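Chemist: Encoded as structure tokens, here's the structure I'll be asking about.
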Amino acid sequence: MAPDGGGRYTFPMLTRRALIASALAAPAAAQVDLGFADNGLRPITRAFPQKGEMILQRSTPPLLETPLSVFDEADFTPNDRFFVRWHYPFPTSVDPAKHRLRIGGHVGKVLSLSLADLARLPRVAIAAVNQCAGNGRGLFNPRIAGAQWGNGAMGNALWEGVRLKDVLALAGVKGGAVAVRFGGLDTPLVEAAPDFEKSLPIDHALTDDVLIAWGMNGQPLPLLNGFPLRLVVPGWYSTYWVKMLDSIEVLDKADAGYWMAKAYLQPANPLADAVPGAPAGPRVPVTNMRPRAVITNIADNAKLPQRGFTPVRGVAFGGDYGVATVELSADGGANWVPAQLGRDLGRYSFRRFLGALMLPPGRHVIMARATSAAGVMQPLNQNWNPSGYNRAGVDPVRVEIA
Ligand SMILES: Nc1nc2c(c(=O)[nH]1)N[C@H]1C(S)=C(S)[C@@H](COP(=O)(O)O)O[C@H]1N2
Ligand SMILES: [Mo]
């Protein structure tokens, strides 16, 4: 597809990865068995451009959550149901012909690139989960201030664009570079507030899989998801996936800006179970994601009719390493049975799973847990941290069989 969305470019240079991904057309929408109602207490909106029905967390700047039932229907989250998160106001339209991406800082040559300039570089497409570091914050106990996301502050898409490292090579990264900082077109509400800027360590910025993307599931990025360009950092939380990207700056010292040094920090040991109210120990930026499996066809507290076996479906991802196994439990985690895995769209993608549990009449706690290809297994207990980041413990689902 064309970077400007106008169809002027063909797509001649699919990578092997993209060919695999595009060969896997979305399956026929699976039937949701159970009249999935997500969380009936949260307001639903249809008021946002290029978006269908979303859970409204906040209207300005928008925080829109994807209902869990959407993940039950296909490997890729449709653009019009993909979650939205902005910290600051942003332009309500962007002219792709006038948009420029500036590359400066510790480089040999400062550049200003149009979308057409970018389109001349080798094109790449990667299936990857975009997940807010605060996904699931609303499920923590005790409660944590901040957006009360359920598990819908995530989505999976086929991202298409060019490699960041190819763009950096055009500018020529100078020796001694330590980080690369990214900024977008959004601006703080008040002048004193720090611009939303995020940076990647130089080593990570130069890996093959970090993209500057204009395409999402074969379409231009929706405005709310960062039209016309966004950074895609597969395997890392979406706080780094800077939207409406217009500036890249190579740094020769660590980024001391607010959004790196003060925000999006987690305990230095991300698995530590912090004591609410206790002084914060050493903290480090959130970076790579942890494995998760989320049940998508049975809502928490669902009442279901009895049947021989109750089907259990969901989506899993391995964080930064792909999914090795998903297991299901019908007894609160004492015993586990393997689920069947759906198609493998690459190590950063959702991987759907399907299994069945024998559930006699009565109350049950069912669970799904993922183990990544790196051997990391979801812990049964959810550790607590003061900002509610990095939620990846097993999420129990209570069900009553009538
Ligand atoms: N320019 C810009 N990019 C941004 C943000 C932002 O506020 N401004 N928020 C980040 C955060 S915290 C998240 S969770 C993701 C959300 O991506 P989405 O809105 O496409 O789902 O965008 C990231 N990129
Ligand atoms: Mo986020």
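Starting from 1 in every chain, residues are counted up; chains themselves are A, B, ... following the order of the structure tokens, and ligands are numbered from 1 as listed.
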Each residue of chain A with at least one atom at most 8 Å from ligand 1 should appear once, together with its nearest atom pair and the corresponding distance in Å (one decimal); atoms considered: only C-alpha atoms and all ligand atoms; ordering: chain, then increasing residue number; output as a Markdown table.
Modeler:
| residue | atom | partner | partner_atom_place_in_ligand_line | distance |
| --- | --- | --- | --- | --- |
| A:Leu63 | CA | ligand 1 | 19 (O) | 7.8 |
| A:Phe82 | CA | ligand 1 | 21 (O) | 6.2 |
| A:Phe83 | CA | ligand 1 | 21 (O) | 4.5 |
| A:Val84 | CA | ligand 1 | 19 (O) | 3.3 |
| A:Arg85 | CA | ligand 1 | 19 (O) | 4.0 |
| A:Trp86 | CA | ligand 1 | 7 (O) | 3.7 |
| A:His87 | CA | ligand 1 | 7 (O) | 3.8 |
| A:Tyr88 | CA | ligand 1 | 7 (O) | 5.8 |
| A:Phe90 | CA | ligand 1 | 1 (N) | 7.9 |
| A:Asn130 | CA | ligand 1 | 21 (O) | 6.7 |
| A:Gln131 | CA | ligand 1 | 14 (S) | 6.2 |
| A:Cys132 | CA | ligand 1 | 14 (S) | 3.7 |
| A:Ala133 | CA | ligand 1 | 14 (S) | 6.5 |
| A:Gly134 | CA | ligand 1 | 14 (S) | 7.5 |
| A:Ala153 | CA | ligand 1 | 21 (O) | 7.1 |
| A:Met154 | CA | ligand 1 | 21 (O) | 6.9 |
| A:Gly155 | CA | ligand 1 | 21 (O) | 7.4 |
| A:Gly183 | CA | ligand 1 | 1 (N) | 6.2 |
| A:Gly184 | CA | ligand 1 | 1 (N) | 4.2 |
| A:Leu185 | CA | ligand 1 | 1 (N) | 6.2 |
| A:Asp186 | CA | ligand 1 | 1 (N) | 5.6 |
| A:Phe196 | CA | ligand 1 | 8 (N) | 5.8 |
| A:Glu197 | CA | ligand 1 | 1 (N) | 7.6 |
| A:Leu224 | CA | ligand 1 | 19 (O) | 6.2 |
| A:Asn225 | CA | ligand 1 | 20 (O) | 3.6 |
| A:Gly226 | CA | ligand 1 | 20 (O) | 6.2 |
| A:Arg230 | CA | ligand 1 | 3 (N) | 7.6 |
| A:Tyr237 | CA | ligand 1 | 14 (S) | 7.4 |
| A:Ser238 | CA | ligand 1 | 15 (C) | 4.6 |
| A:Thr239 | CA | ligand 1 | 12 (S) | 3.8 |
| A:Tyr240 | CA | ligand 1 | 23 (C) | 6.1 |
| A:Trp241 | CA | ligand 1 | 24 (N) | 4.8 |
| A:Val242 | CA | ligand 1 | 3 (N) | 3.6 |
| A:Lys243 | CA | ligand 1 | 3 (N) | 3.8 |
| A:Met244 | CA | ligand 1 | 1 (N) | 5.5 |
| A:Leu245 | CA | ligand 1 | 1 (N) | 6.5 |
Chemist: Would you save the residues of that selection, restricted to N, CA and C atoms, as a JSON list (two decimals), in the first residue's frame?
Modeler:
[["chain", "number", "residue", "atom", "x", "y", "z"],
["A", 63, "LEU", "N", -8.83, 8.21, 25.33],
["A", 63, "LEU", "CA", -8.40, 6.88, 25.77],
["A", 63, "LEU", "C", -9.57, 5.95, 25.44],
["A", 82, "PHE", "N", -9.24, -0.80, 17.16],
["A", 82, "PHE", "CA", -7.93, -0.80, 17.84],
["A", 82, "PHE", "C", -7.89, 0.28, 18.91],
["A", 83, "PHE", "N", -7.35, -0.04, 20.07],
["A", 83, "PHE", "CA", -7.36, 0.90, 21.20],
["A", 83, "PHE", "C", -6.60, 2.18, 20.86],
["A", 84, "VAL", "N", -6.88, 3.22, 21.64],
["A", 84, "VAL", "CA", -6.30, 4.54, 21.41],
["A", 84, "VAL", "C", -5.84, 5.14, 22.73],
["A", 85, "ARG", "N", -4.63, 5.71, 22.71],
["A", 85, "ARG", "CA", -4.14, 6.36, 23.91],
["A", 85, "ARG", "C", -3.29, 7.58, 23.52],
["A", 86, "TRP", "N", -3.75, 8.76, 23.95],
["A", 86, "TRP", "CA", -2.95, 10.00, 23.76],
["A", 86, "TRP", "C", -2.77, 10.68, 25.11],
["A", 87, "HIS", "N", -1.58, 11.23, 25.32],
["A", 87, "HIS", "CA", -1.35, 12.01, 26.53],
["A", 87, "HIS", "C", -1.76, 13.47, 26.34],
["A", 88, "TYR", "N", -1.63, 13.95, 25.12],
["A", 88, "TYR", "CA", -1.78, 15.38, 24.83],
["A", 88, "TYR", "C", -2.65, 15.59, 23.59],
["A", 90, "PHE", "N", -3.62, 16.61, 19.82],
["A", 90, "PHE", "CA", -2.89, 16.34, 18.57],
["A", 90, "PHE", "C", -3.68, 16.92, 17.42],
["A", 130, "ASN", "N", 0.72, -4.38, 19.94],
["A", 130, "ASN", "CA", 0.93, -3.06, 20.52],
["A", 130, "ASN", "C", 0.17, -3.05, 21.85],
["A", 131, "GLN", "N", 0.89, -3.01, 22.96],
["A", 131, "GLN", "CA", 0.24, -3.09, 24.27],
["A", 131, "GLN", "C", 0.71, -1.94, 25.17],
["A", 132, "CYS", "N", -0.24, -1.20, 25.72],
["A", 132, "CYS", "CA", 0.09, -0.15, 26.68],
["A", 132, "CYS", "C", 0.72, -0.78, 27.92],
["A", 133, "ALA", "N", 1.72, -0.10, 28.45],
["A", 133, "ALA", "CA", 2.38, -0.61, 29.67],
["A", 133, "ALA", "C", 1.39, -0.71, 30.83],
["A", 134, "GLY", "N", 0.31, 0.07, 30.77],
["A", 134, "GLY", "CA", -0.70, 0.06, 31.82],
["A", 134, "GLY", "C", -1.89, -0.83, 31.50],
["A", 153, "ALA", "N", -6.33, -2.63, 26.36],
["A", 153, "ALA", "CA", -5.37, -1.61, 25.90],
["A", 153, "ALA", "C", -4.23, -2.32, 25.17],
["A", 154, "MET", "N", -4.65, -3.16, 24.24],
["A", 154, "MET", "CA", -3.69, -3.88, 23.39],
["A", 154, "MET", "C", -4.37, -4.23, 22.09],
["A", 155, "GLY", "N", -3.56, -4.58, 21.10],
["A", 155, "GLY", "CA", -4.11, -5.01, 19.82],
["A", 155, "GLY", "C", -2.98, -5.57, 18.98],
["A", 183, "GLY", "N", 9.83, 12.05, 18.60],
["A", 183, "GLY", "CA", 8.76, 12.97, 18.96],
["A", 183, "GLY", "C", 7.69, 12.99, 17.88],
["A", 184, "GLY", "N", 6.47, 13.38, 18.27],
["A", 184, "GLY", "CA", 5.35, 13.44, 17.33],
["A", 184, "GLY", "C", 4.73, 14.82, 17.29],
["A", 185, "LEU", "N", 3.61, 14.92, 16.55],
["A", 185, "LEU", "CA", 2.98, 16.23, 16.31],
["A", 185, "LEU", "C", 2.13, 16.72, 17.48],
["A", 186, "ASP", "N", 1.91, 15.87, 18.46],
["A", 186, "ASP", "CA", 1.07, 16.31, 19.59],
["A", 186, "ASP", "C", 1.84, 17.28, 20.47],
["A", 196, "PHE", "N", 5.84, 15.01, 24.70],
["A", 196, "PHE", "CA", 5.89, 13.55, 24.78],
["A", 196, "PHE", "C", 7.01, 13.05, 23.86],
["A", 197, "GLU", "N", 8.13, 12.69, 24.45],
["A", 197, "GLU", "CA", 9.26, 12.17, 23.69],
["A", 197, "GLU", "C", 9.76, 10.91, 24.36],
["A", 224, "LEU", "N", -6.14, 8.47, 14.76],
["A", 224, "LEU", "CA", -5.99, 8.27, 16.20],
["A", 224, "LEU", "C", -4.87, 7.30, 16.55],
["A", 225, "ASN", "N", -4.43, 6.50, 15.59],
["A", 225, "ASN", "CA", -3.32, 5.58, 15.83],
["A", 225, "ASN", "C", -2.02, 6.09, 15.21],
["A", 226, "GLY", "N", -2.01, 7.41, 14.85],
["A", 226, "GLY", "CA", -0.73, 8.03, 14.54],
["A", 226, "GLY", "C", -0.48, 8.43, 13.11],
["A", 230, "ARG", "N", 4.23, 6.18, 12.39],
["A", 230, "ARG", "CA", 4.50, 5.92, 13.80],
["A", 230, "ARG", "C", 5.68, 4.95, 13.91],
["A", 237, "TYR", "N", 6.71, -2.33, 25.03],
["A", 237, "TYR", "CA", 5.45, -1.64, 25.31],
["A", 237, "TYR", "C", 5.25, -0.44, 24.39],
["A", 238, "SER", "N", 3.99, -0.14, 24.15],
["A", 238, "SER", "CA", 3.65, 0.86, 23.13],
["A", 238, "SER", "C", 3.97, 2.29, 23.54],
["A", 239, "THR", "N", 4.37, 2.53, 24.78],
["A", 239, "THR", "CA", 4.82, 3.88, 25.12],
["A", 239, "THR", "C", 5.95, 4.33, 24.18],
["A", 240, "TYR", "N", 6.71, 3.36, 23.65],
["A", 240, "TYR", "CA", 7.80, 3.70, 22.71],
["A", 240, "TYR", "C", 7.32, 3.88, 21.27],
["A", 241, "TRP", "N", 6.09, 3.48, 21.00],
["A", 241, "TRP", "CA", 5.60, 3.47, 19.61],
["A", 241, "TRP", "C", 5.06, 4.86, 19.26],
["A", 242, "VAL", "N", 5.95, 5.84, 19.18],
["A", 242, "VAL", "CA", 5.55, 7.25, 19.05],
["A", 242, "VAL", "C", 4.74, 7.47, 17.77],
["A", 243, "LYS", "N", 3.57, 8.12, 17.96],
["A", 243, "LYS", "CA", 2.62, 8.34, 16.87],
["A", 243, "LYS", "C", 2.83, 9.70, 16.23],
["A", 244, "MET", "N", 2.28, 9.87, 15.02],
["A", 244, "MET", "CA", 2.45, 11.13, 14.26],
["A", 244, "MET", "C", 3.90, 11.56, 14.30],
["A", 245, "LEU", "N", 4.77, 10.58, 14.10],
["A", 245, "LEU", "CA", 6.22, 10.77, 14.24],
["A", 245, "LEU", "C", 6.72, 11.85, 13.27]]
Chemist: Could you pull the residues within 8 Å of Asn301 of chain A, counting only C-alpha atoms, minus those fewer than 3 positions along the same chain, as a ChimeraX atom specification?
Modeler: /A:397-400
Chemist: Kindly export the residues of the current selection with N, CA, C and O atoms, as a short mmCIF file (atom, residue, chain, number, x, y, z; two decimals), in the first residue's frame.
Modeler:
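Contents of selection_14.cif, as written:
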data_model
loop_
_atom_site.label_atom_id
_atom_site.label_comp_id
_atom_site.auth_asym_id
_atom_site.auth_seq_id
_atom_site.Cartn_x
_atom_site.Cartn_y
_atom_site.Cartn_z
N VAL A 397 -10.63 -16.27 35.62
CA VAL A 397 -11.98 -15.94 35.14
C VAL A 397 -12.96 -16.80 35.93
O VAL A 397 -12.86 -18.03 35.92
N ARG A 398 -13.88 -16.12 36.63
CA ARG A 398 -14.87 -16.86 37.42
C ARG A 398 -16.07 -17.21 36.55
O ARG A 398 -16.54 -16.36 35.79
N VAL A 399 -16.50 -18.44 36.62
CA VAL A 399 -17.67 -18.81 35.84
C VAL A 399 -18.59 -19.69 36.68
O VAL A 399 -18.15 -20.46 37.52
N GLU A 400 -19.86 -19.48 36.40
CA GLU A 400 -20.87 -20.31 37.09
C GLU A 400 -21.60 -21.13 36.04
O GLU A 400 -22.13 -20.59 35.07
#
Chemist: Hey, which of A:Phe227, A:Leu200, A:Phe140, A:Thr287 ends up closest to ligand 2? Count only C-alpha atoms and all ligand atoms.
Modeler: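 Distance minimum relative to ligand 2 lands on A:Thr287.
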Chemist: Identify which of the residues A:Ala402, A:Val394, A:Ala272, A:Leu265 lies closest to ligand 2, counting only C-alpha atoms and all ligand atoms when measuring atom-to-atom distances.
Modeler: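 For ligand 2, the nearest of the given residues is A:Leu265.
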Chemist: Would you please work out which residue, of A:Pro49, A:Pro67, A:Gly393, A:Pro142, is nearest to Leu271 of chain A when using only C-alpha atoms?
Modeler: A:Gly393
Chemist: DSSP says alpha helix (DSSP H) for which residues of segment 6-193 of chain A? Put them as a VMD selection string?
Modeler: chain A and resid 16 to 23 68 to 71 115 to 119 164 to 171
Chemist: Store the residues picked out above in a file with N, CA, C and O atoms, as an mmCIF file, in the first residue's frame.
Modeler:
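As a result, part05.cif now contains:
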data_model
loop_
_atom_site.group_PDB
_atom_site.id
_atom_site.type_symbol
_atom_site.label_atom_id
_atom_site.label_comp_id
_atom_site.auth_asym_id
_atom_site.auth_seq_id
_atom_site.Cartn_x
_atom_site.Cartn_y
_atom_site.Cartn_z
ATOM 1 N N ARG A 16 10.022 -12.014 3.485
ATOM 2 C CA ARG A 16 9.519 -13.362 3.716
ATOM 3 C C ARG A 16 8.474 -13.336 4.837
ATOM 4 O O ARG A 16 7.423 -13.944 4.758
ATOM 5 N N ARG A 17 8.793 -12.571 5.859
ATOM 6 C CA ARG A 17 7.898 -12.495 7.006
ATOM 7 C C ARG A 17 6.528 -11.947 6.584
ATOM 8 O O ARG A 17 5.487 -12.441 6.966
ATOM 9 N N ALA A 18 6.580 -10.914 5.728
ATOM 10 C CA ALA A 18 5.323 -10.308 5.294
ATOM 11 C C ALA A 18 4.541 -11.266 4.422
ATOM 12 O O ALA A 18 3.320 -11.328 4.489
ATOM 13 N N LEU A 19 5.261 -12.022 3.582
ATOM 14 C CA LEU A 19 4.572 -12.968 2.717
ATOM 15 C C LEU A 19 3.849 -14.013 3.548
ATOM 16 O O LEU A 19 2.713 -14.365 3.280
ATOM 17 N N ILE A 20 4.528 -14.466 4.586
ATOM 18 C CA ILE A 20 3.884 -15.438 5.469
ATOM 19 C C ILE A 20 2.627 -14.814 6.064
ATOM 20 O O ILE A 20 1.553 -15.389 6.022
ATOM 21 N N ALA A 21 2.791 -13.601 6.541
ATOM 22 C CA ALA A 21 1.658 -12.964 7.211
ATOM 23 C C ALA A 21 0.509 -12.719 6.244
ATOM 24 O O ALA A 21 -0.646 -12.960 6.577
ATOM 25 N N SER A 22 0.828 -12.244 5.026
ATOM 26 C CA SER A 22 -0.280 -11.869 4.143
ATOM 27 C C SER A 22 -0.936 -13.096 3.519
ATOM 28 O O SER A 22 -2.052 -13.036 3.044
ATOM 29 N N ALA A 23 -0.220 -14.234 3.540
ATOM 30 C CA ALA A 23 -0.832 -15.452 3.030
ATOM 31 C C ALA A 23 -1.932 -15.951 3.974
ATOM 32 O O ALA A 23 -2.781 -16.737 3.593
ATOM 33 N N LEU A 68 -13.049 -6.914 24.798
ATOM 34 C CA LEU A 68 -12.350 -8.204 24.695
ATOM 35 C C LEU A 68 -12.912 -9.098 23.598
ATOM 36 O O LEU A 68 -12.186 -9.881 22.993
ATOM 37 N N SER A 69 -14.216 -9.006 23.359
ATOM 38 C CA SER A 69 -14.852 -9.879 22.363
ATOM 39 C C SER A 69 -14.249 -9.664 20.973
ATOM 40 O O SER A 69 -14.266 -10.578 20.140
ATOM 41 N N VAL A 70 -13.680 -8.476 20.718
ATOM 42 C CA VAL A 70 -13.071 -8.208 19.404
ATOM 43 C C VAL A 70 -11.884 -9.152 19.168
ATOM 44 O O VAL A 70 -11.673 -9.644 18.055
ATOM 45 N N PHE A 71 -11.126 -9.434 20.224
ATOM 46 C CA PHE A 71 -9.965 -10.322 20.080
ATOM 47 C C PHE A 71 -10.388 -11.762 19.804
ATOM 48 O O PHE A 71 -9.580 -12.586 19.396
ATOM 49 N N LEU A 115 7.090 11.380 2.885
ATOM 50 C CA LEU A 115 6.630 9.991 2.826
ATOM 51 C C LEU A 115 7.138 9.316 1.555
ATOM 52 O O LEU A 115 7.481 8.126 1.569
ATOM 53 N N ALA A 116 7.217 10.075 0.463
ATOM 54 C CA ALA A 116 7.724 9.498 -0.788
ATOM 55 C C ALA A 116 9.203 9.126 -0.650
ATOM 56 O O ALA A 116 9.638 8.096 -1.170
ATOM 57 N N ASP A 117 9.969 9.958 0.065
ATOM 58 C CA ASP A 117 11.383 9.612 0.308
ATOM 59 C C ASP A 117 11.486 8.290 1.060
ATOM 60 O O ASP A 117 12.291 7.420 0.726
ATOM 61 N N LEU A 118 10.667 8.160 2.106
ATOM 62 C CA LEU A 118 10.718 6.930 2.912
ATOM 63 C C LEU A 118 10.342 5.708 2.069
ATOM 64 O O LEU A 118 10.935 4.636 2.210
ATOM 65 N N ALA A 119 9.369 5.904 1.173
ATOM 66 C CA ALA A 119 8.848 4.774 0.393
ATOM 67 C C ALA A 119 9.902 4.192 -0.544
ATOM 68 O O ALA A 119 9.721 3.097 -1.078
ATOM 69 N N LEU A 164 13.803 1.470 10.841
ATOM 70 C CA LEU A 164 14.432 2.643 11.442
ATOM 71 C C LEU A 164 15.918 2.672 11.110
ATOM 72 O O LEU A 164 16.484 3.717 10.794
ATOM 73 N N LYS A 165 16.567 1.507 11.155
ATOM 74 C CA LYS A 165 18.020 1.495 10.952
ATOM 75 C C LYS A 165 18.394 1.955 9.540
ATOM 76 O O LYS A 165 19.448 2.559 9.344
ATOM 77 N N ASP A 166 17.531 1.696 8.556
ATOM 78 C CA ASP A 166 17.806 2.160 7.194
ATOM 79 C C ASP A 166 17.707 3.686 7.110
ATOM 80 O O ASP A 166 18.463 4.334 6.387
ATOM 81 N N VAL A 167 16.746 4.246 7.850
ATOM 82 C CA VAL A 167 16.594 5.704 7.864
ATOM 83 C C VAL A 167 17.783 6.346 8.592
ATOM 84 O O VAL A 167 18.344 7.347 8.138
ATOM 85 N N LEU A 168 18.182 5.734 9.704
ATOM 86 C CA LEU A 168 19.345 6.269 10.444
ATOM 87 C C LEU A 168 20.609 6.191 9.594
ATOM 88 O O LEU A 168 21.466 7.086 9.656
ATOM 89 N N ALA A 169 20.711 5.125 8.777
ATOM 90 C CA ALA A 169 21.905 4.988 7.932
ATOM 91 C C ALA A 169 21.987 6.118 6.906
ATOM 92 O O ALA A 169 23.093 6.568 6.553
ATOM 93 N N LEU A 170 20.819 6.588 6.432
ATOM 94 C CA LEU A 170 20.822 7.711 5.478
ATOM 95 C C LEU A 170 21.437 8.950 6.111
ATOM 96 O O LEU A 170 22.130 9.728 5.441
ATOM 97 N N ALA A 171 21.141 9.153 7.400
ATOM 98 C CA ALA A 171 21.661 10.334 8.089
ATOM 99 C C ALA A 171 23.095 10.105 8.579
ATOM 100 O O ALA A 171 23.861 11.055 8.720
#
Chemist: What's the separation between atom CA of Val178 of chain A and atom 1 (Mo, counted along the ligand's line) of ligand 2, in Å to one decimal place?
Modeler: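 That distance, rounded to one decimal, is 23.8 Å.
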Chemist: Could you give me the residues within segment 365-399 of chain A that DSSP places in strand (DSSP E), as a count of residues only?
Modeler: 11
Chemist: Neighbouring residues of Met216 of chain A were defined as those with any atom within 7 Å, considering only C-alpha atoms; residues of the same chain fewer than 3 positions away were excluded. Please report them as a ChimeraX atom specification.
Modeler: /A:157-160,219-221
Chemist: Just N, CA, C and O atoms for this one: save the residues we selected as a JSON list (two decimals), in the first residue's frame.
Modeler:
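Contents of result32.json, as written:
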[["chain", "number", "residue", "atom", "x", "y", "z"],
["A", 157, "ALA", "N", -1.56, -6.05, 14.98],
["A", 157, "ALA", "CA", -1.74, -5.59, 13.60],
["A", 157, "ALA", "C", -0.54, -6.00, 12.77],
["A", 157, "ALA", "O", 0.54, -6.32, 13.30],
["A", 158, "LEU", "N", -0.74, -5.97, 11.46],
["A", 158, "LEU", "CA", 0.37, -6.11, 10.53],
["A", 158, "LEU", "C", 0.85, -4.69, 10.20],
["A", 158, "LEU", "O", 0.13, -3.92, 9.57],
["A", 159, "TRP", "N", 2.02, -4.35, 10.69],
["A", 159, "TRP", "CA", 2.57, -3.00, 10.54],
["A", 159, "TRP", "C", 3.48, -2.99, 9.33],
["A", 159, "TRP", "O", 4.31, -3.88, 9.17],
["A", 160, "GLU", "N", 3.34, -1.95, 8.50],
["A", 160, "GLU", "CA", 4.11, -1.91, 7.27],
["A", 160, "GLU", "C", 4.83, -0.58, 7.15],
["A", 160, "GLU", "O", 4.25, 0.48, 7.39],
["A", 219, "GLN", "N", -3.95, -0.84, 5.52],
["A", 219, "GLN", "CA", -4.56, 0.48, 5.36],
["A", 219, "GLN", "C", -3.61, 1.53, 5.93],
["A", 219, "GLN", "O", -2.74, 1.19, 6.72],
["A", 220, "PRO", "N", -3.81, 2.80, 5.55],
["A", 220, "PRO", "CA", -3.03, 3.84, 6.25],
["A", 220, "PRO", "C", -3.38, 3.80, 7.75],
["A", 220, "PRO", "O", -4.47, 3.37, 8.12],
["A", 221, "LEU", "N", -2.46, 4.25, 8.58],
["A", 221, "LEU", "CA", -2.76, 4.33, 10.01],
["A", 221, "LEU", "C", -3.99, 5.22, 10.20],
["A", 221, "LEU", "O", -4.07, 6.30, 9.61]]
Chemist: Smallest atom-to-atom distance to Arg46 of chain A: which of A:Val162, A:Ile144, A:Leu64, A:Val312, using only C-alpha atoms?
Modeler: A:Leu64
Chemist: Considering only C-alpha atoms and all ligand atoms, state which residue in the set A:Arg137, A:Arg347, A:Lys109, A:Lys262 is at the smallest distance from ligand 2.
Modeler: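 Among the listed residues, the smallest separation from ligand 2 belongs to A:Arg137.
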Chemist: What lies within 10 Å of Arg143 of chain A using only C-alpha atoms, ignoring chain neighbours under 3 positions off, as a list in words?
Modeler: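 My list of contacting residues is Arg137, Gly138, Leu139, Phe140, Gly146, Gln148, Pro276, Trp384, Pro386, Ser387 and Gly388 of chain A.
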Chemist: Go ahead and dump the residues you just picked, N, CA, C and O atoms, as a PDB file, in the first residue's frame.
Modeler:
ATOM      1  N   ARG A 137      -4.429  -2.240  34.151  1.00  0.00           N
ATOM      2  CA  ARG A 137      -4.217  -1.534  35.441  1.00  0.00           C
ATOM      3  C   ARG A 137      -5.471  -1.567  36.302  1.00  0.00           C
ATOM      4  O   ARG A 137      -5.400  -1.694  37.523  1.00  0.00           O
ATOM      5  N   GLY A 138      -6.632  -1.460  35.662  1.00  0.00           N
ATOM      6  CA  GLY A 138      -7.893  -1.421  36.415  1.00  0.00           C
ATOM      7  C   GLY A 138      -8.189  -2.719  37.155  1.00  0.00           C
ATOM      8  O   GLY A 138      -9.114  -2.782  37.956  1.00  0.00           O
ATOM      9  N   LEU A 139      -7.425  -3.767  36.877  1.00  0.00           N
ATOM     10  CA  LEU A 139      -7.670  -5.066  37.507  1.00  0.00           C
ATOM     11  C   LEU A 139      -6.794  -5.282  38.738  1.00  0.00           C
ATOM     12  O   LEU A 139      -6.915  -6.301  39.414  1.00  0.00           O
ATOM     13  N   PHE A 140      -5.896  -4.322  39.024  1.00  0.00           N
ATOM     14  CA  PHE A 140      -5.012  -4.507  40.182  1.00  0.00           C
ATOM     15  C   PHE A 140      -5.772  -4.326  41.488  1.00  0.00           C
ATOM     16  O   PHE A 140      -6.730  -3.560  41.583  1.00  0.00           O
ATOM     17  N   GLY A 146      -4.724   6.216  37.696  1.00  0.00           N
ATOM     18  CA  GLY A 146      -4.355   6.188  36.274  1.00  0.00           C
ATOM     19  C   GLY A 146      -5.499   5.576  35.498  1.00  0.00           C
ATOM     20  O   GLY A 146      -6.527   5.196  36.066  1.00  0.00           O
ATOM     21  N   GLN A 148      -8.054   3.343  34.041  1.00  0.00           N
ATOM     22  CA  GLN A 148      -8.520   2.054  34.565  1.00  0.00           C
ATOM     23  C   GLN A 148      -8.781   1.083  33.408  1.00  0.00           C
ATOM     24  O   GLN A 148      -9.920   0.658  33.167  1.00  0.00           O
ATOM     25  N   PRO A 276       2.032  -1.729  48.747  1.00  0.00           N
ATOM     26  CA  PRO A 276       1.373  -0.446  48.496  1.00  0.00           C
ATOM     27  C   PRO A 276       1.711   0.557  49.599  1.00  0.00           C
ATOM     28  O   PRO A 276       1.652   0.213  50.776  1.00  0.00           O
ATOM     29  N   TRP A 384       2.299  -6.722  42.402  1.00  0.00           N
ATOM     30  CA  TRP A 384       1.732  -5.368  42.437  1.00  0.00           C
ATOM     31  C   TRP A 384       2.869  -4.357  42.314  1.00  0.00           C
ATOM     32  O   TRP A 384       3.945  -4.566  42.883  1.00  0.00           O
ATOM     33  N   PRO A 386       3.600   0.187  41.923  1.00  0.00           N
ATOM     34  CA  PRO A 386       2.868   1.429  42.205  1.00  0.00           C
ATOM     35  C   PRO A 386       2.216   2.085  40.982  1.00  0.00           C
ATOM     36  O   PRO A 386       1.261   2.827  41.137  1.00  0.00           O
ATOM     37  N   SER A 387       2.705   1.831  39.764  1.00  0.00           N
ATOM     38  CA  SER A 387       2.087   2.461  38.594  1.00  0.00           C
ATOM     39  C   SER A 387       1.173   1.516  37.830  1.00  0.00           C
ATOM     40  O   SER A 387       0.553   1.909  36.848  1.00  0.00           O
ATOM     41  N   GLY A 388       1.114   0.276  38.247  1.00  0.00           N
ATOM     42  CA  GLY A 388       0.236  -0.671  37.548  1.00  0.00           C
ATOM     43  C   GLY A 388       0.720  -1.000  36.152  1.00  0.00           C
ATOM     44  O   GLY A 388      -0.078  -1.141  35.222  1.00  0.00           O
TER      45      GLY A 388
END
Chemist: Restricting the calculation to only C-alpha atoms and all ligand atoms, which member of A:Phe350, A:Tyr258, A:Trp336, A:Tyr389 is positioned closest to ligand 2?
Modeler: A:Tyr389
